[in-house]
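Everything below concerns the one structure shown next.
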Amino acid sequence: MFLRNCWYVAAWDYELIDGRLITRTLLDDHVLLYRGDNGQVVALHDRCPHRGALLSKGRREGDSVRCMYHGLRFDATGHCTQIPGQDMIPPKLRVRSYPVVERNHLVWIWMGDAAAADPSQIVDFPYLSDPRWKGIPDYLHYDANYLLIMDNLSDFAHLAFVHTKTLGGSEEYAFVTKPVAIERLERGFRVERWHMGSDAPPFHRKVIPDKTAKVDRRNIANMYIPGIFYMETMFGPAGQGADQGNLQGARQYRNCQFMTPETGRTTHFFWAYLNDFEGDDVNISRSLHASLIEGFMEDKAIIERQQVTLDEDPTFQMLAIAADAPLAHFRRVLGKLIDAETAGTHSQAAAAKVAQTQSDKPKQAQAGTAPG
Amino acid sequence: MFLRNCWYVAAWDYELIDGRLITRTLLDDHVLLYRGDNGQVVALHDRCPHRGALLSKGRREGDSVRCMYHGLRFDATGHCTQIPGQDMIPPKLRVRSYPVVERNHLVWIWMGDAAAADPSQIVDFPYLSDPRWKGIPDYLHYDANYLLIMDNLSDFAHLAFVHTKTLGGSEEYAFVTKPVAIERLERGFRVERWHMGSDAPPFHRKVIPDKTAKVDRRNIANMYIPGIFYMETMFGPAGQGADQGNLQGARQYRNCQFMTPETGRTTHFFWAYLNDFEGDDVNISRSLHASLIEGFMEDKAIIERQQVTLDEDPTFQMLAIAADAPLAHFRRVLGKLIDAETAGTHSQAAAAKVAQTQSDKPKQAQAGTAPG
Amino acid sequence: MFLRNCWYVAAWDYELIDGRLITRTLLDDHVLLYRGDNGQVVALHDRCPHRGALLSKGRREGDSVRCMYHGLRFDATGHCTQIPGQDMIPPKLRVRSYPVVERNHLVWIWMGDAAAADPSQIVDFPYLSDPRWKGIPDYLHYDANYLLIMDNLSDFAHLAFVHTKTLGGSEEYAFVTKPVAIERLERGFRVERWHMGSDAPPFHRKVIPDKTAKVDRRNIANMYIPGIFYMETMFGPAGQGADQGNLQGARQYRNCQFMTPETGRTTHFFWAYLNDFEGDDVNISRSLHASLIEGFMEDKAIIERQQVTLDEDPTFQMLAIAADAPLAHFRRVLGKLIDAETAGTHSQAAAAKVAQTQSDKPKQAQAGTAPG
């Protein structure tokens with residue numbers, strides 16, 4: 001069960017260069033994505049309504065796409081505009097189209113009721129278009145439900161044990177540091193955690209000149225519905241008063257991660273890890289990119305095995321510890337939104353049923369029976 | 001749900017050389033096939049009734065087969081004729097045998113009620129034994145229901161888009177040509193389609209001396225229950241009046257394809273593509289064989305993906321276009337035959353139940369309890 | 001449905017050297033096994049109760065294990081003894097531990113009610129610790145239910161057909177020899193079979209100096225609940241009166257095989273094949289080890305295919321022959337024990353329900369809600 005009336009990241013813009021057709025399963029729907037000649041990104045259900053062939057195996061023609069099984073052509077709104085060898089086009093021969101918005105190199109898609117799609121609800125991450133922040137956007141695929149990844153991100157304590165030699169730095173982190181603030185938001189939460197006078201963690205140590213100097217480290221994570229993670233990380237010289245606002249000589253990172261459900265047990269994971277200090281040294285981005293993938297792989301092994309555990313025993317009830325408070329809040333907020341949406345769909349369906357009963361609409365032709 | 005009381009192709013005869021045992025799943029039954037010393041092809045359920053071992057992993061002995069788990073031997077009718085170390089053979093220790101007919105290099109099998117098996121119902125394709133027609137018989141395996149392959153064959157329009165560069169020749173074919181006749185048969189249909197003054201399609205161009213001469217092309221397809229496709233193809237010199245009966249200088253093909261269900265979502269595909277003009281140049285058969293496989297692979301990719309689409313969403317209702325009329329007729333006829341067979345089986349089962357209640361037959365020994 | 005209140009072999013002791021953590025699925029439970037610093041083998045449910053991570057991916061600390069997701073530590077009894085960053089440890093945060101007994105290089109585990117675990121019920125095989133008997137213990141994995149392997153072992157007749165060229169020697173064995181005794185035991189059976197004046201079977205011929213001398217062969221198999229096979233094999237010089245007790249010049253083997261269910265369709269197979277005559281020639285053990293694996297692979301192919309047959313058609317009822325009497329007895333005895341255990345569990349559950357209703361126990365905290 002997914003929240004459908006919200007924006008999900010469907011792709012990075014670089015995936016749609018040169019007008020190519022890509023297919024991506026989102027919330028269990030197969031979606032065809034391409035940029036038409038007019039520059040707009042098109043999102044259509046990736047299934048020809050005639051015989052079910054994939055439109056993504058077809059051919060783009062301007063802003064349209066032609067199915068290469070029997071040659072039917074569909075425009076950007078999903079209407080069929082040509083059937084070779086047949087003049088009349090049945091109006092019901094159409095595919096679903098999805099609202100799409102492009103912003104800061106991300107392609108956002110609305111998988112629910114198109115009439116409700118409001119671009120102002122997109123939670124923006126402007127650093128992706130800001131030349132002061134450098135980094136390499138990328139993608140990972142997870143064999144796990146997206147919420148297991150959100151759970152993982154919600155608790156900094158796992159840095160100590162999972163990422164000791166990559167992103168974390170020491171097991172001490174779990175024992176001596178605590179969140180200084182956990183703020184419950186209407187559609188997510190914010191957590192802030194400091195580690196004073198610590199060694200620089202391995203991923204950071206690789207890209208700074210002084211490998212041994214102690215640092216004061218601050219992580220601020222913001223997590224939003226449905227599966228968005230934004231983190232601001234700051235490393236200041238130890239003891240200089242970064243926690244009092246003195247950021248001189250500090251190095252900062254901006255990290256975005258977008259968990260978009262592919263299915264109930266697989267996830268698209270779009271991410272970028274930006275820094276504000278590489279200047280002309282592009283190798284810093286490259287090193288950070290490699291370090292983050294190394295760390296993500298550590299998470300991935302655990303999270304994908306969690307999914308297997310839940311597949312094997314769906315009755316398994318996890319037991320919470322104190323550090324799970326943000327996670328619990330997030331799941332509660334999301335659950336309420338899904339419940340509300342489901343209730344709305346049911347009342348809409350009921351209303352539609354009444355309307356249909358009262359109308360004189362002729363019955364639609366049966367599928368499988370040929371008109372001619 | 002398959003039609004069982006009809007003939008299916010089970011194998012090419014060349015597969016049974018040298019008395020070897022082959023196993024093939026047909027309509028969800030595992031079937032053992034072999035040629036006995038007496039020259040007759042034997043078809044038995046490929047499962048020893050004792051402990052379920054595969055008889056196809058056993059050893060042929062004359063017209064019989066011996067299970068190589070505990071040594072039980074079965075004759076060509078499926079009766080057990082030896083149990084090592086045991087004198088008495090329980091009569092119920094037998095395997096099902098299936099009626100088989102060999103004709104024109106094809107092994108036909110009857111998967112239904114053996115008493116109803118009538119060889120005169122086989123729809124023959126005598127070209128396979130006619131020395132004027134040359135070609136290489138072959139086999140493909142499909143991960144798709146056999147009817148999706150029949151659907152594909154029923155509409156020549158797909159030649160234009162799927163096979164443009166192999167069997168088709170141009171997208172024009174879909175726009176400018178139409179069937180000149182669609183004949184509904186009691187157990188199938190016949191479609192005829194002409195393309196006048198066209199370029200020779202690639203597969204044909206490769207095997208003729210004059211690559212640029214225009215041709216008049218005629219395809220006549222006959223499709224029969226349960227999954228039989230026979231096509232006659234003629235290429236005559238353009239404008240000479242082939243459509244008036246002048247076939248001088250024409251080159252012809254005879255194509256047979258047999259779709260036998262392996263399971264509900266996989267299919268055995270037996271085929272041959274014969275020509276009447278190669279004379280002593282066997283490379284013509286070889287080139288045609290390669291061209292056809294190239295074309296079949298184009299179909300296979302689409303059809304197997306259709307199967308996945310239906311697996312994923314069994315509620316998907318395809319929408320018909322005008323060109324689907326033959327397909328719709330075929331499915332309607334087949335559906336009626338299956339319904340009739342199912343109804344017959346039920347009434348037979350009911351009758352059998354009455355008979356059994358009235359008899360004094362002793363109870364059969366329970367499986368798993370040893371007699372000695 | 002497994003019998004749980006009995007001892008199964010979980011591992012060979014050599015698998016637990018150097019304190020390493022191994023994970024093994026037993027009767028559908030994932031079990032973590034390791035030897036603590038105190039020398040005792042520990043068996044815990046391999047799932048952290050916090051977020052479900054595998055404890056076997058964690059780190060052993062003395063007799064304890066630490067989950068390497070968020071750092072929770074559990075002792076050998078399964079109690080949580082540390083949560084990094086949190087002082088209070090909820091008592092319900094614990095994992096199941098299983099009774100374990102080490103004996104003669106085997107690690108036995110009790111998968112049922114721990115209070116009922118009685119080490120005196122272990123059916124011992126002391127040859128494994130006796131220096132007069134030499135051999136190499138080993139392990140095979142089967143994609144088949146463990147009872148199909150027991151079935152296979154219960155009938156010597158399959159030696160003739162499955163193992164003609166390895167462990168058996170001739171098809172004659174099935175026709176001319178019979179069990180001289182089949183003894184039904186309370187928890188198993190005993191079968192004895194002689195083959196007088198025969199050729200030595202291939203596995204034995206490889207390790208004796210006189211390849212052509214005839215032998216009198218005696219096999220005595222004992223099979224015990226739940227999946228234990230012990231066989232004593234004797235080869236005496238033919239005609240010397242081994243059947244009258246004259247064992248001069250005889251060579252003997254002791255064979256143990258332990259079939260422990262991994263799941264309902266997969267099995268752990270622990271085995272050793274010991275001889276009493278190799279003296280200092282360790283190559284005899286090595287040859288026998290290789291011969292036995294060769295023979296087991298012949299069984300494995302058949303048995304794993306049987307499992308597929310049963311998966312495909314769960315209604316398949318095997319038909320017994322005379323040789324299946326021991327097998328049928330074994331299955332009957334096991335079935336009664338499982339029925340009794342199931343009935344006991346139900347009445348215990350009913351009793352527990354009454355007890356719980358009468359108690360004033362406070363409700364346990366809901367999983368997924370954080371305490372802090």
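Following the order of the structure tokens, chains are lettered A, B, ..., residues in each are numbered from 1, and ligands are numbered from 1.
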
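Neighbours of Phe175 of chain A closer than or equal to 12 Å, with only C-alpha atoms counted and sequence neighbours fewer than 3 positions away skipped, come out as Phe156, Ala157, His158, Leu159, Ala160, Phe161, Ser170, Glu171, Glu172, Lys178, Pro179, His195 and Ala323 of chain A; His70, Gly71, Leu72, Gln82, Ile83, Pro84, Gly85, Gln86 and Asp87 of chain C.
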
Point to revise | chain A contacts to chain C at 10 Å (only C-alpha atoms) as a PyMOL selection string | key: chain A and resi 148+151-152+155-163+171-178+298-299+301-310+312+316-329+331-332

Given the selection you just returned, output its residues as a file containing N, CA and C atoms, formatted as a tab-separated table (two decimals), in the first residue's frame.
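Generated output (again.tsv):
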```tsv
chain	number	residue	atom	x	y	z
A	148	LEU	N	12.25	0.35	4.84
A	148	LEU	CA	13.40	-0.21	5.56
A	148	LEU	C	14.62	0.68	5.37
A	151	ASP	N	14.01	3.73	7.59
A	151	ASP	CA	14.32	3.34	8.98
A	151	ASP	C	15.82	3.46	9.24
A	152	ASN	N	16.59	2.89	8.31
A	152	ASN	CA	18.04	2.89	8.45
A	152	ASN	C	18.58	4.32	8.58
A	155	ASP	N	18.28	6.70	12.02
A	155	ASP	CA	19.02	6.51	13.26
A	155	ASP	C	20.52	6.60	13.01
A	156	PHE	N	21.15	7.68	13.52
A	156	PHE	CA	22.59	7.84	13.32
A	156	PHE	C	23.41	6.77	14.05
A	157	ALA	N	22.81	6.10	15.03
A	157	ALA	CA	23.60	5.13	15.81
A	157	ALA	C	24.18	4.03	14.94
A	158	HIS	N	23.49	3.70	13.85
A	158	HIS	CA	24.01	2.61	13.02
A	158	HIS	C	25.34	3.00	12.36
A	159	LEU	N	25.61	4.29	12.26
A	159	LEU	CA	26.91	4.72	11.72
A	159	LEU	C	28.06	4.06	12.47
A	160	ALA	N	27.87	3.93	13.79
A	160	ALA	CA	28.95	3.42	14.65
A	160	ALA	C	29.30	1.97	14.34
A	161	PHE	N	28.27	1.15	14.04
A	161	PHE	CA	28.51	-0.28	13.89
A	161	PHE	C	28.58	-0.73	12.43
A	162	VAL	N	27.70	-0.18	11.62
A	162	VAL	CA	27.68	-0.60	10.21
A	162	VAL	C	28.81	0.06	9.43
A	163	HIS	N	29.07	1.34	9.74
A	163	HIS	CA	29.98	2.12	8.91
A	163	HIS	C	31.25	2.54	9.65
A	171	GLU	N	33.04	3.24	17.05
A	171	GLU	CA	31.89	2.74	17.77
A	171	GLU	C	31.50	3.69	18.89
A	172	GLU	N	32.48	4.48	19.35
A	172	GLU	CA	32.25	5.47	20.40
A	172	GLU	C	31.03	6.35	20.07
A	173	TYR	N	30.86	6.65	18.79
A	173	TYR	CA	29.78	7.54	18.35
A	173	TYR	C	28.44	7.12	18.93
A	174	ALA	N	28.20	5.80	18.98
A	174	ALA	CA	26.91	5.30	19.47
A	174	ALA	C	26.78	5.44	20.98
A	175	PHE	N	27.91	5.42	21.65
A	175	PHE	CA	27.86	5.42	23.12
A	175	PHE	C	27.88	6.84	23.71
A	176	VAL	N	28.65	7.73	23.07
A	176	VAL	CA	28.87	9.03	23.72
A	176	VAL	C	28.04	10.17	23.13
A	177	THR	N	27.47	9.98	21.95
A	177	THR	CA	26.70	11.09	21.38
A	177	THR	C	25.22	10.75	21.41
A	178	LYS	N	24.42	11.82	21.43
A	178	LYS	CA	22.97	11.65	21.39
A	178	LYS	C	22.40	12.76	20.53
A	298	GLU	N	27.28	-1.36	2.56
A	298	GLU	CA	27.18	-1.93	3.92
A	298	GLU	C	25.73	-1.92	4.39
A	299	ASP	N	25.03	-0.82	4.14
A	299	ASP	CA	23.60	-0.77	4.50
A	299	ASP	C	22.79	-1.77	3.70
A	301	ALA	N	23.43	-4.61	2.31
A	301	ALA	CA	23.50	-6.01	2.71
A	301	ALA	C	22.56	-6.27	3.89
A	302	ILE	N	22.56	-5.36	4.85
A	302	ILE	CA	21.70	-5.55	6.02
A	302	ILE	C	20.23	-5.37	5.67
A	303	ILE	N	19.94	-4.33	4.92
A	303	ILE	CA	18.54	-3.98	4.65
A	303	ILE	C	17.89	-5.03	3.74
A	304	GLU	N	18.63	-5.50	2.74
A	304	GLU	CA	18.05	-6.51	1.86
A	304	GLU	C	17.83	-7.83	2.60
A	305	ARG	N	18.70	-8.11	3.57
A	305	ARG	CA	18.47	-9.31	4.39
A	305	ARG	C	17.27	-9.09	5.32
A	306	GLN	N	17.07	-7.89	5.81
A	306	GLN	CA	15.84	-7.59	6.59
A	306	GLN	C	14.60	-7.92	5.76
A	307	GLN	N	14.64	-7.51	4.49
A	307	GLN	CA	13.49	-7.79	3.62
A	307	GLN	C	13.23	-9.29	3.52
A	308	VAL	N	14.30	-10.07	3.36
A	308	VAL	CA	14.15	-11.53	3.29
A	308	VAL	C	13.55	-12.05	4.59
A	309	THR	N	14.03	-11.52	5.71
A	309	THR	CA	13.49	-11.93	7.02
A	309	THR	C	11.99	-11.66	7.10
A	310	LEU	N	11.57	-10.50	6.61
A	310	LEU	CA	10.13	-10.17	6.64
A	310	LEU	C	9.35	-11.02	5.63
A	312	GLU	N	10.10	-14.05	4.86
A	312	GLU	CA	10.01	-15.39	5.43
A	312	GLU	C	9.01	-15.45	6.57
A	316	PHE	N	6.65	-11.29	11.95
A	316	PHE	CA	7.72	-10.80	12.82
A	316	PHE	C	7.43	-9.36	13.26
A	317	GLN	N	7.41	-9.15	14.57
A	317	GLN	CA	7.17	-7.82	15.13
A	317	GLN	C	8.49	-7.28	15.68
A	318	MET	N	9.03	-6.25	15.04
A	318	MET	CA	10.26	-5.66	15.54
A	318	MET	C	9.99	-5.00	16.90
A	319	LEU	N	11.02	-4.99	17.75
A	319	LEU	CA	10.89	-4.35	19.07
A	319	LEU	C	11.70	-3.06	19.07
A	320	ALA	N	11.07	-1.96	19.45
A	320	ALA	CA	11.74	-0.66	19.37
A	320	ALA	C	12.66	-0.42	20.55
A	321	ILE	N	13.73	0.37	20.28
A	321	ILE	CA	14.55	0.90	21.36
A	321	ILE	C	14.37	2.43	21.34
A	322	ALA	N	15.02	3.10	22.29
A	322	ALA	CA	14.79	4.54	22.43
A	322	ALA	C	15.11	5.30	21.14
A	323	ALA	N	16.17	4.86	20.43
A	323	ALA	CA	16.62	5.59	19.26
A	323	ALA	C	15.62	5.52	18.10
A	324	ASP	N	14.59	4.71	18.26
A	324	ASP	CA	13.63	4.54	17.16
A	324	ASP	C	12.49	5.55	17.18
A	325	ALA	N	12.56	6.53	18.08
A	325	ALA	CA	11.46	7.50	18.18
A	325	ALA	C	11.17	8.21	16.85
A	326	PRO	N	12.18	8.73	16.13
A	326	PRO	CA	11.88	9.41	14.87
A	326	PRO	C	11.22	8.46	13.85
A	327	LEU	N	11.79	7.30	13.74
A	327	LEU	CA	11.26	6.26	12.85
A	327	LEU	C	9.79	6.00	13.14
A	328	ALA	N	9.47	5.86	14.42
A	328	ALA	CA	8.09	5.54	14.79
A	328	ALA	C	7.16	6.69	14.41
A	329	HIS	N	7.64	7.93	14.63
A	329	HIS	CA	6.83	9.10	14.25
A	329	HIS	C	6.58	9.11	12.74
A	331	ARG	N	6.61	6.67	10.54
A	331	ARG	CA	5.70	5.62	10.09
A	331	ARG	C	4.26	5.94	10.49
A	332	ARG	N	4.09	6.59	11.65
A	332	ARG	CA	2.75	6.93	12.11
A	332	ARG	C	2.13	7.99	11.18
```

Exercise for review: Write out as a ChimeraX atom specification the residues lying within 10 Å of segment 241-247 of chain A, counting only C-alpha atoms and excluding same-chain residues fewer than 5 positions away.
Suggested key: /A:194,196,215-218,234-236,252

Let me see the file: selected residues, all heavy atoms, as a PDB file, in the first residue's frame.
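Result file is again_34.pdb:
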```pdb
ATOM      1  N   TRP A 194      25.554  15.985  17.438  1.00  0.00           N
ATOM      2  CA  TRP A 194      26.924  16.502  17.448  1.00  0.00           C
ATOM      3  C   TRP A 194      27.881  15.441  17.986  1.00  0.00           C
ATOM      4  O   TRP A 194      27.534  14.659  18.849  1.00  0.00           O
ATOM      5  CB  TRP A 194      27.022  17.739  18.352  1.00  0.00           C
ATOM      6  CG  TRP A 194      26.414  18.973  17.762  1.00  0.00           C
ATOM      7  CD1 TRP A 194      25.093  19.286  17.730  1.00  0.00           C
ATOM      8  CD2 TRP A 194      27.110  20.042  17.139  1.00  0.00           C
ATOM      9  NE1 TRP A 194      24.900  20.509  17.121  1.00  0.00           N
ATOM     10  CE2 TRP A 194      26.148  21.002  16.747  1.00  0.00           C
ATOM     11  CE3 TRP A 194      28.470  20.297  16.857  1.00  0.00           C
ATOM     12  CZ2 TRP A 194      26.480  22.179  16.102  1.00  0.00           C
ATOM     13  CZ3 TRP A 194      28.797  21.487  16.218  1.00  0.00           C
ATOM     14  CH2 TRP A 194      27.811  22.414  15.844  1.00  0.00           C
ATOM     15  N   MET A 196      31.702  15.947  19.375  1.00  0.00           N
ATOM     16  CA  MET A 196      32.746  16.949  19.595  1.00  0.00           C
ATOM     17  C   MET A 196      34.111  16.257  19.746  1.00  0.00           C
ATOM     18  O   MET A 196      34.227  15.196  20.353  1.00  0.00           O
ATOM     19  CB  MET A 196      32.446  17.757  20.873  1.00  0.00           C
ATOM     20  CG  MET A 196      31.025  18.305  20.966  1.00  0.00           C
ATOM     21  SD  MET A 196      30.555  19.355  19.560  1.00  0.00           S
ATOM     22  CE  MET A 196      31.466  20.858  19.955  1.00  0.00           C
ATOM     23  N   VAL A 215      38.026  16.933  14.993  1.00  0.00           N
ATOM     24  CA  VAL A 215      36.932  17.736  14.407  1.00  0.00           C
ATOM     25  C   VAL A 215      35.707  17.720  15.324  1.00  0.00           C
ATOM     26  O   VAL A 215      35.493  16.776  16.099  1.00  0.00           O
ATOM     27  CB  VAL A 215      36.521  17.225  13.006  1.00  0.00           C
ATOM     28  CG1 VAL A 215      37.634  17.474  12.000  1.00  0.00           C
ATOM     29  CG2 VAL A 215      36.160  15.753  13.061  1.00  0.00           C
ATOM     30  N   ASP A 216      34.919  18.787  15.207  1.00  0.00           N
ATOM     31  CA  ASP A 216      33.573  18.802  15.773  1.00  0.00           C
ATOM     32  C   ASP A 216      32.611  18.528  14.616  1.00  0.00           C
ATOM     33  O   ASP A 216      32.620  19.256  13.609  1.00  0.00           O
ATOM     34  CB  ASP A 216      33.251  20.158  16.406  1.00  0.00           C
ATOM     35  CG  ASP A 216      34.049  20.400  17.689  1.00  0.00           C
ATOM     36  OD1 ASP A 216      34.574  19.409  18.264  1.00  0.00           O
ATOM     37  OD2 ASP A 216      34.154  21.570  18.093  1.00  0.00           O
ATOM     38  N   ARG A 217      31.799  17.479  14.770  1.00  0.00           N
ATOM     39  CA  ARG A 217      30.966  17.027  13.644  1.00  0.00           C
ATOM     40  C   ARG A 217      29.492  17.257  13.976  1.00  0.00           C
ATOM     41  O   ARG A 217      29.039  16.896  15.060  1.00  0.00           O
ATOM     42  CB  ARG A 217      31.217  15.534  13.441  1.00  0.00           C
ATOM     43  CG  ARG A 217      30.371  14.863  12.380  1.00  0.00           C
ATOM     44  CD  ARG A 217      30.637  13.347  12.436  1.00  0.00           C
ATOM     45  NE  ARG A 217      30.150  12.646  11.254  1.00  0.00           N
ATOM     46  CZ  ARG A 217      30.408  11.368  11.005  1.00  0.00           C
ATOM     47  NH1 ARG A 217      31.160  10.666  11.854  1.00  0.00           N
ATOM     48  NH2 ARG A 217      29.933  10.782   9.922  1.00  0.00           N
ATOM     49  N   ARG A 218      28.781  17.822  13.030  1.00  0.00           N
ATOM     50  CA  ARG A 218      27.340  18.013  13.226  1.00  0.00           C
ATOM     51  C   ARG A 218      26.582  17.418  12.043  1.00  0.00           C
ATOM     52  O   ARG A 218      26.907  17.675  10.879  1.00  0.00           O
ATOM     53  CB  ARG A 218      26.993  19.494  13.320  1.00  0.00           C
ATOM     54  CG  ARG A 218      25.491  19.722  13.615  1.00  0.00           C
ATOM     55  CD  ARG A 218      25.098  21.172  13.410  1.00  0.00           C
ATOM     56  NE  ARG A 218      25.290  21.554  12.019  1.00  0.00           N
ATOM     57  CZ  ARG A 218      25.400  22.810  11.598  1.00  0.00           C
ATOM     58  NH1 ARG A 218      25.348  23.812  12.456  1.00  0.00           N
ATOM     59  NH2 ARG A 218      25.570  23.072  10.311  1.00  0.00           N
ATOM     60  N   MET A 234      28.463  19.048   8.814  1.00  0.00           N
ATOM     61  CA  MET A 234      29.487  20.071   8.996  1.00  0.00           C
ATOM     62  C   MET A 234      30.616  19.492   9.841  1.00  0.00           C
ATOM     63  O   MET A 234      30.366  18.853  10.858  1.00  0.00           O
ATOM     64  CB  MET A 234      28.860  21.280   9.706  1.00  0.00           C
ATOM     65  CG  MET A 234      29.774  22.495   9.852  1.00  0.00           C
ATOM     66  SD  MET A 234      30.926  22.366  11.267  1.00  0.00           S
ATOM     67  CE  MET A 234      29.786  21.986  12.579  1.00  0.00           C
ATOM     68  N   PHE A 235      31.861  19.693   9.357  1.00  0.00           N
ATOM     69  CA  PHE A 235      33.035  19.355  10.163  1.00  0.00           C
ATOM     70  C   PHE A 235      33.799  20.646  10.451  1.00  0.00           C
ATOM     71  O   PHE A 235      34.339  21.260   9.525  1.00  0.00           O
ATOM     72  CB  PHE A 235      33.958  18.381   9.428  1.00  0.00           C
ATOM     73  CG  PHE A 235      33.416  16.989   9.293  1.00  0.00           C
ATOM     74  CD1 PHE A 235      32.784  16.574   8.128  1.00  0.00           C
ATOM     75  CD2 PHE A 235      33.537  16.082  10.347  1.00  0.00           C
ATOM     76  CE1 PHE A 235      32.289  15.293   8.010  1.00  0.00           C
ATOM     77  CE2 PHE A 235      33.042  14.800  10.218  1.00  0.00           C
ATOM     78  CZ  PHE A 235      32.408  14.396   9.059  1.00  0.00           C
ATOM     79  N   GLY A 236      33.825  21.074  11.716  1.00  0.00           N
ATOM     80  CA  GLY A 236      34.603  22.264  12.096  1.00  0.00           C
ATOM     81  C   GLY A 236      35.836  21.845  12.888  1.00  0.00           C
ATOM     82  O   GLY A 236      35.871  20.763  13.480  1.00  0.00           O
ATOM     83  N   GLN A 252      31.687  21.529   4.612  1.00  0.00           N
ATOM     84  CA  GLN A 252      30.292  21.102   4.724  1.00  0.00           C
ATOM     85  C   GLN A 252      29.885  20.191   3.566  1.00  0.00           C
ATOM     86  O   GLN A 252      30.462  20.245   2.470  1.00  0.00           O
ATOM     87  CB  GLN A 252      29.374  22.327   4.767  1.00  0.00           C
ATOM     88  CG  GLN A 252      29.628  23.196   5.992  1.00  0.00           C
ATOM     89  CD  GLN A 252      28.355  23.883   6.464  1.00  0.00           C
ATOM     90  OE1 GLN A 252      27.309  23.238   6.588  1.00  0.00           O
ATOM     91  NE2 GLN A 252      28.465  25.177   6.702  1.00  0.00           N
TER      92      GLN A 252
END
```

Exercise for review: Extract, using only C-alpha atoms, all DNA, RNA and protein residues at most 10 Å from Leu185 of chain B, discarding same-chain residues fewer than 5 positions from it, and format them as a VMD selection string.
Suggested key: chain B and resid 190 222 to 224 329 to 330 333

Check your understanding: Running DSSP on the backbone, which parts of segment 92-228 of chain A land in helix (DSSP H, G or I), as a PyMOL selection string?
Key -> chain A and resi 114-116+119-121+126-129+146-154+158-162+164-168+172-176+202-205

Point to revise | segment 124-315 of chain B: residues DSSP assigns to strand (DSSP E), reported as a PyMOL selection string | key: chain B and resi 138-142+179-185+188-198+215-224+228-237+251-263+266-275

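The two atoms in question, atom CA of Val41 of chain B and atom CA of Thr267 of chain B, are spaced 21.9 Å apart.
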